$ cat structure04.txt   # compact mmCIF, C-alpha atoms
# COMPACT_ATOMS: atom_id res chain seq x y z
CA ASP A 1 -13.28 -5.81 -9.23
CA ALA A 2 -11.78 -3.57 -11.91
CA GLY A 3 -8.41 -2.13 -11.17
CA VAL A 4 -7.13 1.20 -12.41
CA THR A 5 -7.93 1.69 -16.07
CA GLN A 6 -6.40 4.18 -18.46
CA SER A 7 -7.21 5.28 -21.98
CA PRO A 8 -6.03 5.37 -24.61
CA THR A 9 -3.35 2.69 -24.54
CA HIS A 10 -1.19 4.39 -27.13
CA LEU A 11 -1.21 7.85 -28.63
CA ILE A 12 0.85 9.60 -31.28
CA LYS A 13 0.91 13.40 -31.50
CA THR A 14 3.04 16.03 -33.15
CA ARG A 15 4.92 18.86 -31.49
CA GLY A 16 2.73 21.75 -30.42
CA GLN A 17 -0.44 19.70 -30.18
CA GLN A 18 -2.48 19.11 -27.07
CA VAL A 19 -3.38 15.76 -25.54
CA THR A 20 -5.83 14.46 -22.94
CA LEU A 21 -5.31 11.20 -21.08
CA ARG A 22 -7.96 9.55 -18.95
CA CYS A 23 -7.94 7.46 -15.80
CA SER A 24 -10.58 5.58 -13.84
CA PRO A 25 -9.49 4.68 -10.31
CA LYS A 26 -9.86 1.33 -8.65
CA SER A 27 -13.32 0.82 -7.22
CA GLY A 28 -13.61 2.53 -3.85
CA HIS A 29 -10.61 4.80 -4.35
CA ASP A 30 -10.97 8.57 -4.27
CA THR A 31 -7.44 9.85 -4.85
CA VAL A 32 -5.66 9.90 -8.20
CA SER A 33 -2.00 10.61 -8.88
CA TRP A 34 -0.31 10.97 -12.24
CA TYR A 35 3.27 10.00 -13.08
CA GLN A 36 5.51 10.34 -16.13
CA GLN A 37 7.83 7.42 -16.85
CA ALA A 38 10.46 8.14 -19.49
CA LEU A 39 12.11 5.19 -21.19
CA GLY A 40 14.58 3.52 -18.86
CA GLN A 41 13.61 5.72 -15.91
CA GLY A 42 11.48 5.43 -12.82
CA PRO A 43 8.10 7.15 -12.63
CA GLN A 44 8.16 10.86 -11.78
CA PHE A 45 5.29 12.42 -9.88
CA ILE A 46 3.28 15.01 -11.81
CA PHE A 47 0.35 15.82 -9.49
CA GLN A 48 -2.28 14.38 -7.20
CA TYR A 49 -6.04 15.00 -7.09
CA TYR A 50 -8.35 14.55 -4.15
CA GLU A 51 -11.88 15.92 -3.74
CA GLU A 52 -11.61 17.39 -7.24
CA GLU A 53 -8.68 19.58 -6.28
CA GLU A 54 -4.98 19.41 -7.07
CA ARG A 55 -3.37 18.64 -3.72
CA GLN A 56 0.27 18.23 -4.57
CA ARG A 57 2.37 18.91 -7.62
CA GLY A 58 5.76 17.71 -8.75
CA ASN A 59 8.34 19.61 -10.76
CA PHE A 60 6.37 19.89 -14.01
CA PRO A 61 5.52 23.03 -15.98
CA ASP A 62 2.07 24.56 -16.22
CA ARG A 63 1.64 22.89 -19.62
CA PHE A 64 0.64 19.88 -17.54
CA SER A 65 -2.80 20.26 -16.02
CA GLY A 66 -5.44 17.96 -14.70
CA HIS A 67 -8.94 17.52 -13.51
CA GLN A 68 -10.84 15.17 -11.25
CA PHE A 69 -14.53 14.51 -11.74
CA PRO A 70 -17.19 13.81 -9.08
CA ASN A 71 -16.95 10.08 -9.84
CA TYR A 72 -13.22 10.29 -8.95
CA SER A 73 -12.03 9.68 -12.51
CA SER A 74 -9.33 12.02 -13.74
CA GLU A 75 -7.82 13.58 -16.83
CA LEU A 76 -4.29 14.70 -17.56
CA ASN A 77 -3.89 17.42 -20.15
CA VAL A 78 -0.63 18.40 -21.77
CA ASN A 79 -0.47 21.51 -23.96
CA ALA A 80 2.14 22.57 -26.51
CA LEU A 81 3.65 19.12 -26.69
CA LEU A 82 7.43 18.78 -26.86
CA LEU A 83 9.48 15.85 -28.08
CA GLY A 84 10.60 15.33 -24.49
CA ASP A 85 7.02 14.68 -23.41
CA SER A 86 7.22 11.26 -25.05
CA ALA A 87 6.81 8.80 -22.19
CA LEU A 88 4.55 6.32 -20.46
CA TYR A 89 1.99 8.20 -18.38
CA LEU A 90 0.84 6.29 -15.34
CA CYS A 91 -2.18 6.88 -13.20
CA ALA A 92 -2.29 5.56 -9.64
CA SER A 93 -5.24 5.51 -7.28
CA SER A 94 -5.54 5.21 -3.53
CA LEU A 95 -8.02 5.70 -0.74
CA GLY A 96 -7.54 9.04 0.98
CA LEU A 97 -4.39 11.08 1.19
CA GLY A 98 -2.56 9.60 4.14
CA THR A 99 -2.05 6.05 2.95
CA ALA A 100 1.50 5.13 2.06
CA ASP A 101 1.19 1.60 0.88
CA THR A 102 -2.05 1.22 -1.03
CA GLN A 103 -1.37 3.04 -4.27
CA TYR A 104 -2.43 0.99 -7.28
CA PHE A 105 -1.06 1.79 -10.74
CA GLY A 106 -2.80 1.46 -14.07
CA PRO A 107 -1.09 0.04 -17.18
CA GLY A 108 -0.31 3.48 -18.51
CA THR A 109 -0.75 5.42 -21.74
CA ARG A 110 2.23 5.41 -24.10
CA LEU A 111 2.52 8.90 -25.62
CA THR A 112 4.80 9.46 -28.60
CA VAL A 113 5.44 13.02 -29.77
CA LEU A 114 6.85 13.37 -33.29
CA GLN B 115 19.50 15.78 -8.29
CA GLN B 116 18.61 12.12 -7.96
CA GLN B 117 17.32 11.52 -4.46
CA VAL B 118 17.17 7.72 -4.76
CA LYS B 119 20.06 5.96 -6.46
CA GLN B 120 19.52 2.38 -7.61
CA SER B 121 21.98 -0.23 -8.82
CA PRO B 122 22.63 -2.25 -10.83
CA GLN B 123 20.82 -1.03 -13.94
CA SER B 124 20.49 -4.62 -15.16
CA LEU B 125 20.96 -8.03 -13.58
CA ILE B 126 21.09 -11.53 -15.00
CA VAL B 127 20.86 -14.55 -12.69
CA GLN B 128 20.30 -18.25 -13.08
CA LYS B 129 17.17 -19.95 -11.85
CA GLY B 130 17.53 -20.71 -8.16
CA GLY B 131 20.08 -17.98 -7.60
CA ILE B 132 19.87 -14.87 -5.42
CA SER B 133 19.08 -11.50 -6.97
CA ILE B 134 20.26 -8.44 -5.06
CA ILE B 135 19.30 -4.86 -5.90
CA ASN B 136 20.64 -1.92 -3.92
CA CYS B 137 19.34 1.58 -3.30
CA ALA B 138 20.64 4.63 -1.48
CA TYR B 139 18.78 7.76 -0.48
CA GLU B 140 19.74 11.25 0.62
CA ASN B 141 16.71 12.79 2.29
CA THR B 142 16.63 11.76 5.95
CA ALA B 143 12.94 12.72 6.12
CA PHE B 144 12.05 9.61 4.11
CA ASP B 145 10.26 7.13 6.33
CA TYR B 146 8.66 4.64 3.98
CA PHE B 147 10.58 2.52 1.48
CA PRO B 148 8.56 0.43 -1.00
CA TRP B 149 9.74 -1.79 -3.81
CA TYR B 150 7.73 -2.08 -7.00
CA GLN B 151 7.73 -4.76 -9.68
CA GLN B 152 6.85 -3.83 -13.25
CA PHE B 153 6.21 -6.26 -16.09
CA PRO B 154 6.22 -5.08 -19.73
CA GLY B 155 2.97 -3.37 -20.63
CA LYS B 156 1.90 -3.09 -17.00
CA GLY B 157 2.09 -0.43 -14.35
CA PRO B 158 4.29 -0.87 -11.28
CA ALA B 159 2.85 -3.07 -8.53
CA LEU B 160 3.81 -2.84 -4.87
CA LEU B 161 5.96 -5.85 -3.96
CA ILE B 162 7.13 -5.24 -0.42
CA ALA B 163 7.82 -2.22 1.79
CA ILE B 164 9.67 -1.33 4.97
CA ARG B 165 9.75 1.45 7.53
CA PRO B 166 13.05 2.52 9.16
CA ASP B 167 12.14 1.18 12.58
CA VAL B 168 13.08 -2.34 11.44
CA SER B 169 16.25 -3.57 9.74
CA GLU B 170 14.73 -6.40 7.75
CA LYS B 171 11.38 -7.51 6.38
CA LYS B 172 10.71 -10.81 4.68
CA GLU B 173 7.74 -11.85 2.58
CA GLY B 174 8.13 -15.25 0.97
CA ARG B 175 11.20 -15.20 -1.26
CA PHE B 176 11.52 -11.40 -1.06
CA THR B 177 13.50 -9.67 1.70
CA ILE B 178 14.25 -5.99 2.28
CA SER B 179 17.35 -5.14 4.29
CA PHE B 180 17.53 -1.60 5.66
CA ASN B 181 20.54 0.31 7.01
CA LYS B 182 19.36 3.62 8.41
CA SER B 183 22.81 4.95 9.34
CA ALA B 184 24.13 4.30 5.84
CA LYS B 185 20.89 5.46 4.22
CA GLN B 186 20.81 2.31 2.14
CA PHE B 187 18.32 -0.47 1.54
CA SER B 188 18.30 -3.52 -0.65
CA LEU B 189 15.99 -6.14 -2.10
CA HIS B 190 16.99 -9.79 -2.03
CA ILE B 191 15.10 -12.31 -4.15
CA MET B 192 15.87 -15.84 -2.99
CA ASP B 193 15.50 -18.84 -5.28
CA SER B 194 14.96 -16.55 -8.27
CA GLN B 195 12.52 -17.86 -10.87
CA PRO B 196 12.04 -17.00 -14.57
CA GLY B 197 8.67 -15.49 -13.60
CA ASP B 198 10.56 -12.93 -11.50
CA SER B 199 11.98 -11.43 -14.71
CA ALA B 200 10.77 -7.84 -14.59
CA THR B 201 11.92 -4.31 -13.81
CA TYR B 202 12.23 -3.52 -10.12
CA PHE B 203 12.03 -0.02 -8.69
CA CYS B 204 12.95 1.06 -5.21
CA ALA B 205 11.27 4.16 -3.87
CA ALA B 206 11.30 6.37 -0.82
CA SER B 207 8.65 8.68 0.55
CA HIS B 208 7.48 10.67 3.53
CA ALA B 209 4.26 12.39 4.50
CA SER B 210 4.13 15.74 2.70
CA GLY B 211 0.98 17.78 2.49
CA GLY B 212 -0.89 14.89 4.06
CA SER B 213 0.12 12.26 1.51
CA TYR B 214 3.00 9.98 0.65
CA ILE B 215 4.45 10.64 -2.80
CA PRO B 216 7.16 8.11 -3.71
CA THR B 217 10.45 9.16 -5.25
CA PHE B 218 11.55 6.31 -7.50
CA GLY B 219 14.96 4.97 -8.39
CA ARG B 220 15.78 4.44 -12.07
CA GLY B 221 14.96 0.75 -11.99
CA THR B 222 16.75 -2.57 -12.38
CA SER B 223 15.95 -4.90 -15.24
CA LEU B 224 16.15 -8.45 -13.88
CA ILE B 225 16.42 -11.46 -16.17
CA VAL B 226 16.28 -14.92 -14.63
CA HIS B 227 17.50 -17.64 -16.97
CA PRO B 228 15.82 -21.07 -16.71
$ encode --input "structure04.txt" --output "structure tokens"
Amino acid sequence: DAGVTQSPTHLIKTRGQQVTLRCSPKSGHDTVSWYQQALGQGPQFIFQYYEEEERQRGNFPDRFSGHQFPNYSSELNVNALLLGDSALYLCASSLGLGTADTQYFGPGTRLTVL
Amino acid sequence: QQQVKQSPQSLIVQKGGISIINCAYENTAFDYFPWYQQFPGKGPALLIAIRPDVSEKKEGRFTISFNKSAKQFSLHIMDSQPGDSATYFCAASHASGGSYIPTFGRGTSLIVHP
């Protein structure tokens, strides 16, 4: 049973560029959340997708956008990259919206902005 | 404003010793308190969690102690092993918009010497 998978593993971009990160949820899961984890910090919630709609959003600018596909996989897009966007981006999946304790995290995508 | 404060930032213990990590929260609406364990190159994994209707929860060598009046909770790792070396995050959440979105502490890097 495959867990949460993310691609790519690492990514290097320059300021002003755009990036797309991808996530496939754990088998049977239909809800995907994205988090940003800066070096030495805990993960910070970006947004959550369920039924192909953004359901909740954290305190992140509109440069951060996402999408969920019918097969429940998801993309995170970041436009106009800033140096401060360098971080580990984590995807987490769960079944439904109301579950508190069954959120599974992927290994993350390490984004470096030069 | 950091809603979940975690200490210490780093912790070194000898094999067989007790590791203690403390967290404090501010939002009294929080009603679910998970702890996550993160190894290098991996995403966080749920370790153990507690709800405020109990003061303690034990799973194997891991115990959460919860003090609702003080708005504090802690993780105790008994008989610490080198394999426990990882970063530990406390988190707190409550149902918002139909889902639980955890607010993470900044993490504690635990090293257990053999």
$ residues_around --input "structure04.txt" --residues "Tyr202 in chain B" --least-positions-apart "6" --cutoff "9 Å" --atoms "only C-alpha atoms" --output "list in words"
Ile135, Trp149, Tyr150, Gln151, Gln152, Phe153, Pro158, Arg220, Gly221, Thr222, Ser223 and Leu224 of chain B
$ closest_residue --input "structure04.txt" --among "B:Gly211, B:Gly219, B:Gly174, B:Gly157" --to "Pro107 in chain A" --atoms "all atoms listed in the file"
B:Gly157
$ interface_residues --input "structure04.txt" --of "chain A" --to "chain B" --cutoff "8 Å" --atoms "only C-alpha atoms" --output "PyMOL selection string"
chain A and resi 40-45+55-56+90+97-101+103-108
$ residues_around --input "structure04.txt" --residues "His190 in chain B" --least-positions-apart "5" --cutoff "10 Å" --atoms "only C-alpha atoms" --output "mmCIF file with C-alpha atoms, in the frame of the given file"
data_model
loop_
_atom_site.group_PDB
_atom_site.id
_atom_site.type_symbol
_atom_site.label_atom_id
_atom_site.label_comp_id
_atom_site.auth_asym_id
_atom_site.auth_seq_id
_atom_site.Cartn_x
_atom_site.Cartn_y
_atom_site.Cartn_z
ATOM 1 C CA ILE B 132 19.870 -14.870 -5.420
ATOM 2 C CA SER B 133 19.080 -11.500 -6.970
ATOM 3 C CA ILE B 134 20.260 -8.440 -5.060
ATOM 4 C CA ILE B 135 19.300 -4.860 -5.900
ATOM 5 C CA ASN B 136 20.640 -1.920 -3.920
ATOM 6 C CA LYS B 172 10.710 -10.810 4.680
ATOM 7 C CA ARG B 175 11.200 -15.200 -1.260
ATOM 8 C CA PHE B 176 11.520 -11.400 -1.060
ATOM 9 C CA THR B 177 13.500 -9.670 1.700
ATOM 10 C CA ILE B 178 14.250 -5.990 2.280
ATOM 11 C CA SER B 179 17.350 -5.140 4.290
#
$ residues_around --input "structure04.txt" --residues "Leu88 in chain A" --least-positions-apart "6" --cutoff "7 Å" --atoms "only C-alpha atoms" --output "list in words"
Gln36, Gln37, Ala38, Gly108, Thr109, Arg110 and Leu111 of chain A
$ atom_distance --input "structure04.txt" --atom1 "CA of Glu53 in chain A" --atom2 "CA of His67 in chain A"
7.5 Å
$ residues_around --input "structure04.txt" --residues "His227 in chain B" --least-positions-apart "4" --cutoff "7 Å" --atoms "all atoms listed in the file" --output "ChimeraX atom specification"
/B:127-129,196
$ closest_residue --input "structure04.txt" --among "B:Ala206, B:Ile191, B:Val168, B:Val118" --to "Ala143 in chain B" --atoms "only C-alpha atoms"
B:Ala206
$ closest_residue --input "structure04.txt" --among "B:Pro166, B:Ser124, B:Glu173, B:Cys137" --to "Met192 in chain B" --atoms "all atoms listed in the file"
B:Glu173
$ build_atoms --input "structure04.txt" --residues "range 192-211 of chain B" --atoms "N, CA and C atoms" --output "compact mmCIF listing (two decimals), in the frame of the given file"
# COMPACT_ATOMS: atom_id res chain seq x y z
N MET B 192 15.31 -14.50 -3.16
CA MET B 192 15.87 -15.84 -2.99
C MET B 192 15.25 -16.79 -4.00
N ASP B 193 16.02 -17.82 -4.37
CA ASP B 193 15.50 -18.84 -5.28
C ASP B 193 14.81 -18.18 -6.49
N SER B 194 15.54 -17.31 -7.16
CA SER B 194 14.96 -16.55 -8.27
C SER B 194 14.39 -17.47 -9.34
N GLN B 195 13.23 -17.08 -9.86
CA GLN B 195 12.52 -17.86 -10.87
C GLN B 195 12.37 -17.04 -12.16
N PRO B 196 12.24 -17.73 -13.31
CA PRO B 196 12.04 -17.00 -14.57
C PRO B 196 10.86 -16.04 -14.51
N GLY B 197 9.83 -16.37 -13.76
CA GLY B 197 8.67 -15.49 -13.60
C GLY B 197 8.97 -14.22 -12.84
N ASP B 198 10.15 -14.16 -12.20
CA ASP B 198 10.56 -12.93 -11.50
C ASP B 198 11.17 -11.92 -12.47
N SER B 199 11.40 -12.33 -13.72
CA SER B 199 11.98 -11.43 -14.71
C SER B 199 11.06 -10.23 -14.90
N ALA B 200 11.57 -9.07 -14.58
CA ALA B 200 10.77 -7.84 -14.59
C ALA B 200 11.71 -6.68 -14.27
N THR B 201 11.16 -5.47 -14.26
CA THR B 201 11.92 -4.31 -13.81
C THR B 201 11.50 -3.99 -12.38
N TYR B 202 12.48 -3.80 -11.53
CA TYR B 202 12.23 -3.52 -10.12
C TYR B 202 12.64 -2.09 -9.80
N PHE B 203 11.76 -1.40 -9.10
CA PHE B 203 12.03 -0.02 -8.69
C PHE B 203 12.01 0.07 -7.17
N CYS B 204 13.03 0.68 -6.61
CA CYS B 204 12.95 1.06 -5.21
C CYS B 204 12.37 2.48 -5.17
N ALA B 205 11.83 2.83 -4.04
CA ALA B 205 11.27 4.16 -3.87
C ALA B 205 11.38 4.56 -2.41
N ALA B 206 11.26 5.84 -2.18
CA ALA B 206 11.30 6.37 -0.82
C ALA B 206 10.29 7.50 -0.73
N SER B 207 9.65 7.62 0.41
CA SER B 207 8.65 8.68 0.55
C SER B 207 8.51 9.10 2.01
N HIS B 208 7.84 10.21 2.19
CA HIS B 208 7.48 10.67 3.53
C HIS B 208 6.21 11.49 3.41
N ALA B 209 5.52 11.66 4.51
CA ALA B 209 4.26 12.39 4.50
C ALA B 209 4.54 13.86 4.19
N SER B 210 3.97 14.34 3.09
CA SER B 210 4.13 15.74 2.70
C SER B 210 2.78 16.25 2.23
N GLY B 211 2.29 17.29 2.86
CA GLY B 211 0.98 17.78 2.49
C GLY B 211 -0.12 16.77 2.77
